[in-house]
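Next up, final.cif (mmCIF, C-alpha atoms):
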data_protein
loop_
_atom_site.label_atom_id
_atom_site.label_comp_id
_atom_site.auth_asym_id
_atom_site.auth_seq_id
_atom_site.Cartn_x
_atom_site.Cartn_y
_atom_site.Cartn_z
CA MET A 1 117.07 127.68 53.93
CA PHE A 2 118.45 125.15 56.39
CA HIS A 3 119.85 127.98 58.54
CA ALA A 4 116.49 129.77 58.58
CA LEU A 5 114.71 126.62 59.71
CA PHE A 6 117.40 125.96 62.30
CA ARG A 7 117.11 129.53 63.69
CA SER A 8 113.31 129.41 63.83
CA ILE A 9 113.36 126.15 65.77
CA PHE A 10 115.87 127.43 68.32
CA ARG A 11 113.93 130.66 68.83
CA VAL A 12 110.86 128.64 69.79
CA LEU A 13 112.66 126.27 72.19
CA PRO A 14 113.59 128.93 74.77
CA LEU A 15 110.02 130.21 74.62
CA LEU A 16 108.71 126.70 75.30
CA LEU A 17 111.08 126.35 78.24
CA VAL A 18 109.83 129.62 79.71
CA LEU A 19 106.19 128.70 79.20
CA SER A 20 106.46 125.14 80.52
CA PRO A 21 105.58 124.63 84.18
CA VAL A 22 108.58 124.73 86.47
CA ASN A 23 107.25 122.29 89.03
CA SER A 24 104.87 119.70 87.78
CA SER A 25 103.51 118.28 91.01
CA SER A 26 102.11 114.78 91.31
CA CYS A 27 99.53 115.96 93.84
CA ALA A 28 95.80 116.19 93.42
CA MET A 29 95.55 119.78 94.61
CA GLY A 30 92.77 119.47 97.13
CA ASN A 31 91.11 122.06 99.28
CA LYS A 32 93.77 123.49 101.61
CA THR A 33 91.30 123.82 104.48
CA GLU A 34 90.44 120.12 104.17
CA ILE A 35 94.15 119.28 104.13
CA ARG A 36 94.66 121.29 107.32
CA VAL A 37 91.74 119.52 109.05
CA LYS A 38 93.07 116.09 108.00
CA TYR A 39 96.52 117.08 109.23
CA GLU A 40 95.15 118.15 112.60
CA ASN A 41 92.93 115.06 112.98
CA ILE A 42 95.11 112.34 111.44
CA LEU A 43 98.72 113.36 111.22
CA SER A 44 99.73 116.01 113.77
CA HIS A 45 99.88 113.50 116.64
CA ASP A 46 102.21 111.22 114.63
CA VAL A 47 104.43 114.16 113.65
CA ASP A 48 104.70 115.22 117.31
CA GLU A 49 105.51 111.63 118.34
CA LEU A 50 108.21 111.41 115.70
CA VAL A 51 109.73 114.73 116.79
CA ASN A 52 109.71 113.50 120.41
CA MET A 53 111.36 110.21 119.34
CA SER A 54 113.94 112.24 117.47
CA ALA A 55 114.65 114.32 120.57
CA GLU A 56 115.31 111.16 122.61
CA TYR A 57 118.39 110.42 120.53
CA ARG A 58 121.54 112.33 121.34
CA ASP A 59 122.31 115.29 119.12
CA ARG A 60 125.98 115.30 120.07
CA CYS A 61 127.03 113.07 117.20
CA CYS A 62 124.96 115.04 114.71
CA LYS A 63 126.37 118.40 115.77
CA ASN A 64 129.95 117.20 115.35
CA LYS A 65 129.51 116.00 111.77
CA LYS A 66 129.50 118.27 108.77
CA HIS A 67 126.75 117.55 106.30
CA GLU A 68 128.52 117.96 102.98
CA ASN A 69 126.16 115.71 101.07
CA SER A 70 122.96 116.23 103.02
CA LYS A 71 119.92 117.67 101.32
CA VAL A 72 118.48 120.67 103.07
CA PHE A 73 114.78 121.16 102.55
CA PHE A 74 113.09 124.49 102.80
CA CYS A 75 109.40 125.16 102.97
CA ASN A 76 109.01 127.40 99.95
CA ASP A 77 106.52 130.23 100.25
CA THR A 78 103.37 129.58 98.21
CA GLN A 79 104.62 126.03 97.52
CA GLU A 80 104.14 124.42 100.93
CA ILE A 81 102.35 121.35 99.52
CA GLU A 82 105.16 120.66 97.04
CA SER A 83 107.73 121.22 99.80
CA LEU A 84 105.93 118.79 102.12
CA GLN A 85 105.69 116.25 99.31
CA SER A 86 109.40 116.54 98.61
CA MET A 87 110.30 116.16 102.30
CA ALA A 88 107.99 113.16 102.76
CA CYS A 89 109.39 111.40 99.69
CA ASN A 90 112.94 112.09 100.83
CA MET A 91 112.22 110.65 104.28
CA LEU A 92 111.14 107.37 102.67
CA ARG A 93 114.66 106.82 101.36
CA PHE A 94 115.78 106.14 104.95
CA PHE A 95 113.35 103.24 105.38
CA HIS A 96 115.86 100.52 104.49
CA LYS A 97 118.86 102.10 106.25
CA GLN A 98 119.86 99.47 108.79
CA LYS A 99 122.03 101.83 110.85
CA ILE A 100 118.92 103.71 111.97
CA SER A 101 116.77 101.97 114.57
CA LYS A 102 113.86 100.04 113.15
CA ASP A 103 111.20 101.73 115.30
CA PHE A 104 112.46 105.16 114.28
CA ARG A 105 112.56 104.23 110.57
CA TRP A 106 109.03 102.81 110.70
CA LYS A 107 107.64 105.88 112.47
CA ALA A 108 109.36 108.20 109.99
CA ALA A 109 107.96 106.14 107.10
CA LEU A 110 104.48 106.19 108.66
CA VAL A 111 104.57 110.00 108.95
CA SER A 112 105.86 110.27 105.37
CA CYS A 113 103.18 107.99 103.96
CA ARG A 114 100.41 109.73 105.89
CA THR A 115 101.70 113.11 104.74
CA LEU A 116 101.49 111.93 101.14
CA GLN A 117 98.02 110.50 101.82
CA VAL A 118 96.71 113.72 103.39
CA LEU A 119 98.17 115.81 100.58
CA GLN A 120 96.99 113.29 97.95
CA CYS A 121 100.51 113.19 96.51
CA LYS A 122 102.81 110.55 95.08
CA CYS A 123 106.58 110.28 94.89
CA GLU A 124 108.37 110.36 91.56
CA ARG A 125 109.94 106.98 92.23
CA HIS A 126 107.42 104.18 92.60
CA LYS A 127 109.78 102.20 94.87
CA LYS A 128 109.02 104.70 97.61
CA GLU A 129 105.28 104.05 97.31
CA LYS A 130 105.96 100.35 97.98
CA VAL A 131 107.33 101.42 101.37
CA CYS A 132 103.91 102.88 102.20
CA THR A 133 102.28 99.53 101.43
CA GLN A 134 104.70 97.86 103.85
CA VAL A 135 104.13 100.49 106.51
CA ASN A 136 100.35 100.18 106.31
CA THR A 137 100.57 96.44 107.04
CA HIS A 138 103.28 96.80 109.73
CA ASN A 139 103.20 94.81 112.96
CA THR A 140 104.10 97.30 115.71
CA GLU A 141 105.38 94.57 118.05
CA ASP A 142 108.41 94.00 115.84
CA THR A 143 110.53 96.96 116.98
CA GLU A 144 113.78 97.43 118.85
CA THR A 145 113.97 98.74 122.36
CA SER A 146 114.85 102.40 122.65
CA GLU A 147 118.07 101.56 124.56
CA GLN A 148 119.42 99.57 121.62
CA SER A 149 118.62 102.24 119.09
CA LYS A 150 119.94 105.19 121.11
CA LYS A 151 123.46 103.87 120.56
CA LYS A 152 123.18 104.21 116.81
CA CYS A 153 124.09 107.55 115.34
CA ASN A 154 125.43 108.25 111.91
CA GLN A 155 125.21 110.66 109.00
CA GLU A 156 121.96 109.15 107.69
CA PHE A 157 120.38 109.41 111.11
CA CYS A 158 121.37 113.07 111.36
CA GLU A 159 119.94 113.78 107.91
CA LEU A 160 116.69 112.07 108.85
CA LYS A 161 116.44 114.15 112.03
CA GLU A 162 116.96 117.36 110.02
CA ASN A 163 114.33 116.25 107.53
CA ILE A 164 111.83 115.54 110.34
CA SER A 165 112.44 118.97 111.81
CA SER A 166 111.91 120.61 108.40
CA LEU A 167 108.73 118.61 107.80
CA ARG A 168 107.25 119.69 111.12
CA SER A 169 108.17 123.34 110.52
CA CYS A 170 106.60 123.25 107.08
CA TRP A 171 103.37 121.69 108.42
CA ASN A 172 103.25 124.41 111.10
CA LYS A 173 103.76 127.09 108.45
CA PHE A 174 101.04 125.57 106.25
CA GLU A 175 98.68 125.43 109.22
CA LYS A 176 99.25 129.11 110.11
CA ILE A 177 98.77 130.29 106.53
CA ILE A 178 95.50 128.39 106.11
CA SER A 179 94.19 129.52 109.53
CA ARG A 180 94.33 133.19 108.52
#

Mind converting the file's structure to structure tokens?
Amino acid sequence: MFHALFRSIFRVLPLLLVLSPVNSSSCAMGNKTEIRVKYENILSHDVDELVNMSAEYRDRCCKNKKHENSKVFFCNDTQEIESLQSMACNMLRFFHKQKISKDFRWKAALVSCRTLQVLQCKCERHKKEKVCTQVNTHNTEDTETSEQSKKKCNQEFCELKENISSLRSCWNKFEKIISR
């Protein structure tokens, strides 16, 4: 009898695993057209500014380093919102990295927080949401000069640049899909 009960339980478990949702998103799935409009009106300018800031820093040091431990983010087809959420949350982990210039970290955090706001998403770790509270009350006068920060290049900086590039590409993809 024990074996029969044991077998019946373990036949149901794989079925439950198959039926359970693969990606439980912490986003309030809003209207995609509204998200696109908010992106265009609120966020696209900040994303472009961040990409331009990123381009000001030399790529030479990033090209020479191999990224064994870096996370590569892809904009999954039909899951653009979840991909954007994942990228934005990942970018927030760089906020306290002192080797990356303060102005660049703050701008990256601002874009991440606004992405989450536009998508109506949250990060799995609540510590990252505290960064958004800091960013929203940030004094923009307290930043380094671009000359000081251009000297700093490291693995974390390179990862952040890759993440920014992926985020922009995913927003562009989302925008094209919704515009059809």

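Reported to one decimal place, the separation of CA of Asp77 in chain A from CA of Lys128 in chain A is 25.8 Å.
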
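Atom pair CA of Ile164 in chain A / CA of Ser179 in chain A: separated by 22.5 Å.
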
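Minimum distance to Lys32 in chain A across A:Gln120, A:Ser101, A:Gln134, A:Asn163 (counting all atoms listed in the file) occurs at A:Gln120.
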
Within 7 Å of Arg114 in chain A using all atoms listed in the file, minus same-chain residues under 4 positions, as a list in words: Leu43, Leu110 and Val118 of chain A

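Put simply, CA of Glu56 in chain A is 27.8 Å away from CA of Glu80 in chain A.
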
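Between Trp171 in chain A and the candidates A:Arg93, A:Arg125, A:Arg36, A:Arg105, the tightest atom-to-atom separation, counting only C-alpha atoms, involves A:Arg36.
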
Test item: the PyMOL selection byres ((chain A and resi 79) around 12) resolved as an NGL selection string: :A and (22-25 or 27 or 29 or 32 or 74-78 or 80-86 or 170-171 or 173-174 or 177)

message: To test your reading of the syntax: which residues would the PyMOL selection byres ((chain A and resi 52) around 12) return for the file shown? Reply as a ChimeraX atom specification.
response: /A:45-51,53-58,104,107-108,161,164-165,168

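With distances taken over all atoms listed in the file, A:Asn90 is the one residue among A:Thr33, A:Asn90, A:Asn154, A:Lys176 lying closest to Glu129 in chain A.
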